[in-house]
$ cat entry10.txt   # compact mmCIF, C-alpha atoms
# COMPACT_ATOMS: atom_id res chain seq x y z
CA MET J 1 9.01 20.24 -56.42
CA ALA J 2 8.13 22.46 -53.46
CA LEU J 3 5.05 21.79 -51.39
CA THR J 4 2.07 23.86 -52.54
CA VAL J 5 -1.09 24.88 -50.67
CA ARG J 6 -4.35 25.65 -52.50
CA PRO J 7 -7.33 26.75 -50.38
CA LEU J 8 -10.55 24.79 -50.95
CA HIS J 9 -12.94 26.90 -48.84
CA ASP J 10 -13.19 30.51 -47.75
CA LEU J 11 -12.55 29.61 -44.11
CA PHE J 12 -10.45 26.43 -44.03
CA ALA J 13 -9.35 23.26 -45.88
CA ALA J 14 -6.60 23.17 -48.50
CA GLU J 15 -5.24 20.87 -51.17
CA ILE J 16 -1.55 20.03 -50.77
CA GLY J 17 0.59 19.47 -53.85
CA GLY J 18 4.23 18.68 -54.49
CA VAL J 19 4.47 15.82 -51.99
CA ASP J 20 4.68 12.05 -52.56
CA LEU J 21 3.49 10.08 -49.55
CA THR J 22 4.86 6.80 -50.89
CA ARG J 23 8.35 7.90 -49.84
CA ALA J 24 9.82 9.02 -46.54
CA LEU J 25 9.42 12.77 -46.10
CA ALA J 26 12.16 15.16 -45.12
CA VAL J 27 11.92 16.93 -41.77
CA GLU J 28 11.26 20.19 -43.62
CA GLU J 29 8.29 18.64 -45.46
CA VAL J 30 6.73 17.36 -42.24
CA SER J 31 7.16 20.79 -40.68
CA ALA J 32 5.52 22.45 -43.69
CA ILE J 33 2.55 20.07 -43.46
CA GLU J 34 2.19 20.78 -39.74
CA ALA J 35 2.23 24.51 -40.44
CA ALA J 36 -0.41 24.05 -43.15
CA ILE J 37 -2.73 22.02 -40.94
CA ALA J 38 -2.40 24.52 -38.09
CA GLU J 39 -3.72 27.16 -40.49
CA HIS J 40 -6.22 25.20 -42.62
CA ALA J 41 -7.26 22.35 -40.24
CA VAL J 42 -8.10 20.00 -43.17
CA LEU J 43 -5.54 18.97 -45.82
CA VAL J 44 -6.27 17.02 -49.01
CA PHE J 45 -3.51 15.02 -50.73
CA ARG J 46 -4.61 13.79 -54.18
CA ASP J 47 -3.61 10.55 -55.95
CA GLN J 48 -1.58 9.05 -53.10
CA ARG J 49 -1.40 5.35 -54.00
CA ILE J 50 0.01 4.32 -50.67
CA THR J 51 0.26 0.95 -48.97
CA ASP J 52 -0.75 0.40 -45.36
CA GLU J 53 2.90 0.50 -44.31
CA GLN J 54 3.44 3.79 -46.12
CA GLN J 55 0.37 5.30 -44.46
CA LEU J 56 1.65 4.16 -41.08
CA GLU J 57 5.09 5.63 -41.73
CA PHE J 58 3.66 8.97 -42.86
CA SER J 59 1.29 9.13 -39.89
CA ARG J 60 4.00 8.32 -37.35
CA GLY J 61 5.89 11.38 -38.53
CA PHE J 62 3.38 13.44 -36.54
CA GLY J 63 3.40 11.45 -33.28
CA ASP J 64 2.38 8.20 -31.66
CA LEU J 65 -0.62 6.41 -33.15
CA GLU J 66 -3.79 5.25 -31.44
CA GLU J 67 -4.73 1.57 -31.71
CA THR J 68 -8.21 0.11 -32.20
CA ARG J 69 -7.73 -2.67 -29.63
CA GLY J 70 -10.17 -2.27 -26.76
CA THR J 71 -12.42 0.24 -28.49
CA GLY J 72 -15.78 -0.22 -30.16
CA ILE J 73 -17.48 -3.59 -30.49
CA SER J 74 -15.04 -5.57 -32.65
CA LYS J 75 -14.11 -8.95 -31.20
CA PRO J 76 -10.75 -10.77 -31.48
CA GLY J 77 -10.33 -12.01 -35.03
CA GLU J 78 -12.65 -9.39 -36.51
CA LEU J 79 -9.95 -6.84 -37.36
CA ARG J 80 -9.34 -6.64 -41.12
CA LEU J 81 -6.38 -4.27 -40.76
CA HIS J 82 -3.37 -3.62 -38.52
CA PRO J 83 -4.65 -2.41 -35.11
CA ALA J 84 -3.17 1.04 -35.74
CA PHE J 85 -5.91 1.47 -38.36
CA ALA J 86 -9.53 2.36 -37.74
CA ASP J 87 -11.34 0.36 -40.41
CA VAL J 88 -14.13 2.68 -41.53
CA SER J 89 -14.92 0.58 -44.60
CA ASN J 90 -18.06 -1.48 -45.09
CA LEU J 91 -16.05 -4.70 -45.50
CA ASP J 92 -15.67 -7.90 -43.51
CA THR J 93 -12.36 -9.67 -42.87
CA ASP J 94 -12.74 -11.50 -46.19
CA ASN J 95 -13.26 -8.15 -48.00
CA THR J 96 -16.92 -8.82 -48.70
CA VAL J 97 -19.54 -6.11 -48.13
CA LEU J 98 -21.18 -6.32 -44.71
CA PRO J 99 -24.86 -7.27 -44.84
CA ARG J 100 -27.38 -4.56 -43.99
CA ASP J 101 -28.22 -5.99 -40.56
CA ASN J 102 -24.61 -6.70 -39.56
CA ARG J 103 -24.03 -5.45 -36.02
CA ARG J 104 -20.65 -3.86 -36.78
CA ARG J 105 -22.15 -2.07 -39.77
CA LEU J 106 -25.00 -0.69 -37.68
CA TYR J 107 -22.56 0.44 -35.00
CA GLY J 108 -20.46 2.15 -37.67
CA LEU J 109 -23.43 4.28 -38.74
CA GLY J 110 -22.44 6.49 -35.83
CA ASN J 111 -19.86 7.95 -38.21
CA MET J 112 -22.75 9.69 -39.96
CA LEU J 113 -23.19 11.89 -36.86
CA TRP J 114 -21.08 15.00 -36.38
CA HIS J 115 -18.13 14.08 -34.17
CA SER J 116 -14.49 14.60 -33.34
CA ASP J 117 -12.38 11.43 -33.37
CA SER J 118 -11.62 9.95 -29.96
CA SER J 119 -13.28 12.70 -27.94
CA PHE J 120 -14.58 9.70 -25.96
CA LYS J 121 -11.02 8.99 -24.75
CA ALA J 122 -9.45 10.71 -21.75
CA VAL J 123 -6.67 11.92 -24.06
CA PRO J 124 -8.44 12.84 -27.30
CA ALA J 125 -6.91 12.51 -30.76
CA LYS J 126 -4.70 15.06 -32.45
CA TYR J 127 -4.80 14.30 -36.19
CA SER J 128 -6.72 11.79 -38.30
CA LEU J 129 -5.51 10.60 -41.71
CA LEU J 130 -8.05 8.84 -43.95
CA SER J 131 -7.04 7.06 -47.15
CA GLY J 132 -9.71 6.33 -49.76
CA ARG J 133 -8.55 3.06 -51.32
CA ILE J 134 -11.92 2.30 -52.99
CA VAL J 135 -14.50 5.09 -53.08
CA VAL J 136 -18.12 5.18 -54.17
CA ASP J 137 -19.34 7.19 -57.17
CA GLU J 138 -22.38 8.66 -55.42
CA GLY J 139 -22.66 9.86 -51.83
CA GLY J 140 -20.09 9.00 -49.17
CA GLU J 141 -18.73 12.54 -48.94
CA THR J 142 -16.94 13.47 -45.74
CA GLU J 143 -18.09 16.82 -44.39
CA PHE J 144 -15.92 18.92 -42.11
CA ALA J 145 -17.05 21.82 -39.91
CA ASP J 146 -14.61 24.52 -38.79
CA MET J 147 -15.05 24.79 -35.02
CA ARG J 148 -12.74 27.82 -34.88
CA ALA J 149 -14.89 29.87 -37.23
CA ALA J 150 -17.99 28.67 -35.40
CA TYR J 151 -16.50 29.88 -32.11
CA ASP J 152 -15.50 33.23 -33.60
CA ASP J 153 -19.09 33.75 -34.75
CA LEU J 154 -20.58 33.31 -31.28
CA ASP J 155 -21.74 36.39 -29.41
CA ASP J 156 -19.71 37.48 -26.39
CA GLU J 157 -22.36 36.30 -23.94
CA THR J 158 -22.27 32.74 -25.28
CA LYS J 159 -18.46 32.70 -25.37
CA ALA J 160 -18.46 33.65 -21.69
CA GLU J 161 -21.09 31.02 -20.89
CA ILE J 162 -19.14 28.13 -22.46
CA ALA J 163 -15.68 29.27 -21.36
CA ASP J 164 -15.45 26.99 -18.33
CA LEU J 165 -18.01 24.29 -19.15
CA VAL J 166 -17.02 20.62 -19.12
CA CYS J 167 -18.93 17.86 -20.93
CA GLU J 168 -19.12 14.08 -20.67
CA HIS J 169 -18.33 12.19 -23.89
CA SER J 170 -19.08 8.53 -24.53
CA LEU J 171 -19.67 6.20 -27.46
CA ILE J 172 -22.66 4.92 -25.51
CA HIS J 173 -24.49 8.22 -25.99
CA SER J 174 -23.78 8.63 -29.70
CA ARG J 175 -24.74 5.04 -30.53
CA GLU J 176 -27.87 5.02 -28.39
CA SER J 177 -28.98 8.25 -30.07
CA LEU J 178 -29.31 6.15 -33.25
CA GLY J 179 -31.16 3.36 -31.48
CA PHE J 180 -28.09 1.10 -31.17
CA ASP J 181 -28.91 0.17 -27.58
CA ASP J 182 -27.95 -3.49 -27.26
CA LEU J 183 -24.44 -2.91 -25.96
CA THR J 184 -23.20 -5.65 -23.66
CA ASP J 185 -21.93 -4.94 -20.15
CA ALA J 186 -18.40 -5.67 -21.35
CA GLU J 187 -18.76 -3.21 -24.24
CA ARG J 188 -20.20 -0.54 -21.94
CA ALA J 189 -17.22 -1.00 -19.64
CA THR J 190 -14.88 0.05 -22.48
CA MET J 191 -17.02 3.12 -23.20
CA ARG J 192 -16.97 4.72 -19.76
CA PRO J 193 -17.66 8.46 -20.12
CA VAL J 194 -14.76 10.90 -20.05
CA ARG J 195 -14.71 14.64 -19.51
CA GLN J 196 -13.68 17.28 -22.05
CA VAL J 197 -13.74 21.05 -22.02
CA LEU J 198 -16.28 22.74 -24.28
CA THR J 199 -13.87 25.52 -25.33
CA ARG J 200 -10.40 24.57 -26.59
CA THR J 201 -7.41 26.73 -27.46
CA HIS J 202 -5.19 25.36 -30.22
CA PRO J 203 -1.60 24.97 -28.96
CA VAL J 204 -0.05 26.17 -32.23
CA SER J 205 -2.40 28.75 -33.75
CA GLY J 206 -3.77 30.02 -30.44
CA ARG J 207 -7.29 30.05 -31.91
CA LYS J 208 -10.22 29.02 -29.77
CA SER J 209 -12.82 26.50 -30.92
CA ILE J 210 -15.98 24.82 -29.70
CA TYR J 211 -15.19 21.22 -28.80
CA LEU J 212 -18.35 19.44 -29.88
CA ALA J 213 -19.26 15.85 -30.78
CA SER J 214 -22.29 13.59 -30.96
CA HIS J 215 -20.63 11.71 -28.07
CA ILE J 216 -21.63 14.45 -25.59
CA GLY J 217 -24.28 13.17 -23.18
CA LYS J 218 -24.24 15.84 -20.52
CA ILE J 219 -22.75 19.11 -19.34
CA ILE J 220 -21.28 18.70 -15.87
CA GLY J 221 -23.40 20.51 -13.29
CA TRP J 222 -26.39 21.04 -15.61
CA PRO J 223 -29.67 19.13 -15.71
CA VAL J 224 -29.30 16.55 -18.51
CA PRO J 225 -32.22 17.79 -20.68
CA GLU J 226 -31.01 21.39 -20.50
CA GLY J 227 -27.44 20.42 -21.30
CA ARG J 228 -28.42 18.27 -24.28
CA ALA J 229 -30.68 21.01 -25.66
CA PHE J 230 -27.83 23.52 -25.37
CA ILE J 231 -25.35 21.17 -27.09
CA ARG J 232 -27.90 20.66 -29.87
CA ASP J 233 -28.18 24.43 -30.34
CA LEU J 234 -24.39 24.81 -30.43
CA THR J 235 -24.10 21.98 -32.97
CA GLU J 236 -26.74 23.54 -35.21
CA HIS J 237 -24.80 26.80 -35.08
CA ALA J 238 -21.43 25.16 -35.72
CA THR J 239 -22.58 23.08 -38.71
CA GLN J 240 -24.16 25.86 -40.76
CA ARG J 241 -23.21 25.44 -44.41
CA ARG J 242 -20.90 28.45 -44.35
CA PHE J 243 -18.70 26.62 -41.81
CA VAL J 244 -18.66 23.30 -43.74
CA TYR J 245 -16.35 21.88 -46.40
CA ALA J 246 -17.71 18.74 -48.13
CA HIS J 247 -15.01 16.47 -49.53
CA LYS J 248 -16.01 14.48 -52.60
CA TRP J 249 -13.65 11.52 -52.63
CA ARG J 250 -11.51 10.52 -55.58
CA PRO J 251 -9.65 7.19 -55.59
CA PHE J 252 -6.47 7.35 -53.48
CA ASP J 253 -7.21 10.70 -51.85
CA LEU J 254 -5.70 11.03 -48.41
CA VAL J 255 -7.36 13.59 -46.15
CA MET J 256 -5.72 14.72 -42.93
CA TRP J 257 -7.56 16.79 -40.35
CA ASP J 258 -7.02 18.34 -36.94
CA ASN J 259 -9.54 17.01 -34.42
CA ARG J 260 -8.78 19.95 -32.13
CA ALA J 261 -10.26 22.37 -34.67
CA THR J 262 -12.94 20.47 -36.60
CA MET J 263 -15.88 18.10 -36.50
CA HIS J 264 -16.72 15.74 -39.35
CA ARG J 265 -19.24 13.17 -40.57
CA VAL J 266 -19.71 10.83 -43.53
CA ARG J 267 -22.76 11.18 -45.76
CA ARG J 268 -25.05 8.33 -46.76
CA PHE J 269 -24.13 6.07 -49.71
CA ASP J 270 -25.25 2.80 -51.28
CA SER J 271 -24.03 0.31 -48.69
CA THR J 272 -24.06 -2.54 -51.23
CA LYS J 273 -21.11 -0.89 -52.98
CA VAL J 274 -17.55 -1.41 -51.76
CA ARG J 275 -16.13 1.56 -49.84
CA ASP J 276 -12.65 0.83 -48.48
CA MET J 277 -11.49 3.66 -46.19
CA ARG J 278 -8.53 3.28 -43.83
CA ARG J 279 -7.86 5.77 -41.03
CA THR J 280 -4.78 6.23 -38.92
CA THR J 281 -5.07 8.48 -35.88
CA VAL J 282 -2.28 10.47 -34.24
CA ALA J 283 -2.78 10.37 -30.50
CA GLY J 284 -3.09 13.48 -28.40
CA THR J 285 -0.55 14.21 -25.70
CA ALA J 286 -2.67 15.40 -22.77
CA PRO J 287 -6.26 15.42 -21.47
CA THR J 288 -8.29 18.60 -21.87
CA VAL J 289 -9.43 18.34 -18.24
CA ALA J 290 -8.57 16.21 -15.22
CA GLN J 291 -10.36 12.85 -15.19
CA GLU J 292 -9.99 11.92 -11.50
CA SER J 293 -13.57 12.69 -10.46
CA MET J 294 -16.00 10.73 -12.61
CA ALA J 295 -18.84 10.32 -10.14
CA ALA J 296 -22.30 11.03 -11.54
CA GLU J 297 -23.31 14.62 -11.12

$ encode --input "entry10.txt" --output "structure tokens"
Amino acid sequence: MALTVRPLHDLFAAEIGGVDLTRALAVEEVSAIEAAIAEHAVLVFRDQRITDEQQLEFSRGFGDLEETRGTGISKPGELRLHPAFADVSNLDTDNTVLPRDNRRRLYGLGNMLWHSDSSFKAVPAKYSLLSGRIVVDEGGETEFADMRAAYDDLDDETKAEIADLVCEHSLIHSRESLGFDDLTDAERATMRPVRQVLTRTHPVSGRKSIYLASHIGKIIGWPVPEGRAFIRDLTEHATQRRFVYAHKWRPFDLVMWDNRATMHRVRRFDSTKVRDMRRTTVAGTAPTVAQESMAAE
């Protein structure tokens, strides 16, 4: 059966049919998926009852994978999954639901803020692939915002203003914005701010997008309050409902998205219910801007 593409939104996002991710894909199938994601930015694969190894194999078809070692606040022995997975579940290593006041759970609430995966790394992520092994009946949707359409909708004056701007991204900023401010010195050392351009051009489609995330703490060369107010305005613009696709999870959905063209967030759900979500992340290949000068502006 040939691969099929069914749009899910007027601007972006599509459901992919005719592909079985439990088996190795042909080169032509991988190429077709890459062409589809370059156009639609978010791809939904339904009823993919994959194992961790199968998800890793599928993900590696698109490039090298990021690892979770050395990121976030997890300590040795606290990883439930292979380090090539970001565990965005609400489960402990023994597969029990994390208590409400668990520190890792509270840290993970940052996923409810609009963000782009790994924008806090010098080389930001390319694709993310999230498998819903156990999903909740109510809430827990993942919302995606099309940063290309949001850029296209800007007036010419704003496009010119953001064309050469560079921002600092850090997990410290996004977590402290929620009141998670008890990071240790060692944790802060792993979250050193990096710089990213505010306007990106997609290497395949050639489309420009606004590169936004809740991790942005400052615009280089701007007073901090002014920069944060401007980023807030841009985020409000970019996350208008007309730019957003909300994915309601079904068991064993796999959703793949392009971090160079979208932002996303998870919506609130009953945290006493099991939600087992496993993300692999295809690493980017180059920084968006040189990182040599990181002195405070």

$ residues_around --input "entry10.txt" --residues "J:Val197" --least-positions-apart "4" --cutoff "12 Å" --atoms "all atoms listed in the file" --output "ChimeraX atom specification"
/J:119,122-124,162-169,201,208-213,216,218-220,260,287-291

$ closest_residue --input "entry10.txt" --among "J:Arg148, J:Arg80, J:Arg232, J:Arg278" --to "J:Met263" --atoms "all atoms listed in the file"
J:Arg148

$ closest_residue --input "entry10.txt" --among "J:Ile50, J:Leu21, J:Leu106, J:Leu3" --to "J:Ala36" --atoms "all atoms listed in the file"
J:Leu3

$ closest_residue --input "entry10.txt" --among "J:Ala38, J:Ala84, J:Val194, J:Val19" --to "J:Ser59" --atoms "only C-alpha atoms"
J:Ala84

$ residues_around --input "entry10.txt" --residues "J:Arg267" --least-positions-apart "4" --cutoff "12 Å" --atoms "only C-alpha atoms" --output "list in words"
Leu109, Gly110, Asn111, Met112, Leu113, Trp114, Val136, Glu138, Gly139, Gly140, Glu141, Thr142, Glu143, Phe144, Ala246, His247, Lys248, Trp249 and Ser271 of chain J

$ atom_distance --input "entry10.txt" --atom1 "atom CA of J:Pro193" --atom2 "atom CA of J:Lys121"
8.1 Å

$ closest_residue --input "entry10.txt" --among "J:Ala229, J:Leu91, J:Met256, J:Val5" --to "J:Ala32" --atoms "only C-alpha atoms"
J:Val5

$ closest_residue --input "entry10.txt" --among "J:Leu234, J:His202, J:Asp182, J:Glu176" --to "J:Gly217" --atoms "all atoms listed in the file"
J:Glu176

$ atom_distance --input "entry10.txt" --atom1 "atom CA of J:Pro99" --atom2 "atom CA of J:Arg275"
13.4 Å

$ atom_distance --input "entry10.txt" --atom1 "atom CA of J:Leu11" --atom2 "atom CA of J:Ile231"
22.9 Å

$ build_atoms --input "entry10.txt" --residues "stretch 25-41 of chain J" --atoms "N, CA and C atoms" --output "compact mmCIF listing (two decimals), in the frame of the given file"
# COMPACT_ATOMS: atom_id res chain seq x y z
N LEU J 25 9.36 11.33 -45.94
CA LEU J 25 9.42 12.77 -46.10
C LEU J 25 10.57 13.35 -45.30
N ALA J 26 11.12 14.44 -45.83
CA ALA J 26 12.16 15.16 -45.12
C ALA J 26 11.55 15.90 -43.93
N VAL J 27 12.38 16.21 -42.96
CA VAL J 27 11.92 16.93 -41.77
C VAL J 27 11.26 18.24 -42.18
N GLU J 28 11.81 18.91 -43.18
CA GLU J 28 11.26 20.19 -43.62
C GLU J 28 9.85 20.02 -44.21
N GLU J 29 9.61 18.89 -44.89
CA GLU J 29 8.29 18.64 -45.46
C GLU J 29 7.26 18.39 -44.37
N VAL J 30 7.64 17.61 -43.36
CA VAL J 30 6.73 17.36 -42.24
C VAL J 30 6.40 18.66 -41.54
N SER J 31 7.39 19.50 -41.34
CA SER J 31 7.16 20.79 -40.68
C SER J 31 6.23 21.67 -41.50
N ALA J 32 6.39 21.64 -42.82
CA ALA J 32 5.52 22.45 -43.69
C ALA J 32 4.08 21.95 -43.63
N ILE J 33 3.90 20.63 -43.56
CA ILE J 33 2.55 20.07 -43.46
C ILE J 33 1.93 20.45 -42.12
N GLU J 34 2.71 20.40 -41.05
CA GLU J 34 2.19 20.78 -39.74
C GLU J 34 1.81 22.26 -39.71
N ALA J 35 2.58 23.10 -40.37
CA ALA J 35 2.23 24.51 -40.44
C ALA J 35 0.94 24.71 -41.24
N ALA J 36 0.79 23.94 -42.31
CA ALA J 36 -0.41 24.05 -43.15
C ALA J 36 -1.65 23.59 -42.40
N ILE J 37 -1.54 22.51 -41.63
CA ILE J 37 -2.73 22.02 -40.94
C ILE J 37 -3.09 22.92 -39.76
N ALA J 38 -2.10 23.56 -39.16
CA ALA J 38 -2.40 24.52 -38.09
C ALA J 38 -3.21 25.69 -38.62
N GLU J 39 -2.98 26.05 -39.87
CA GLU J 39 -3.72 27.16 -40.49
C GLU J 39 -5.05 26.71 -41.08
N HIS J 40 -5.05 25.59 -41.82
CA HIS J 40 -6.22 25.20 -42.62
C HIS J 40 -7.06 24.09 -41.98
N ALA J 41 -6.54 23.37 -41.02
CA ALA J 41 -7.26 22.35 -40.24
C ALA J 41 -7.60 21.07 -41.02
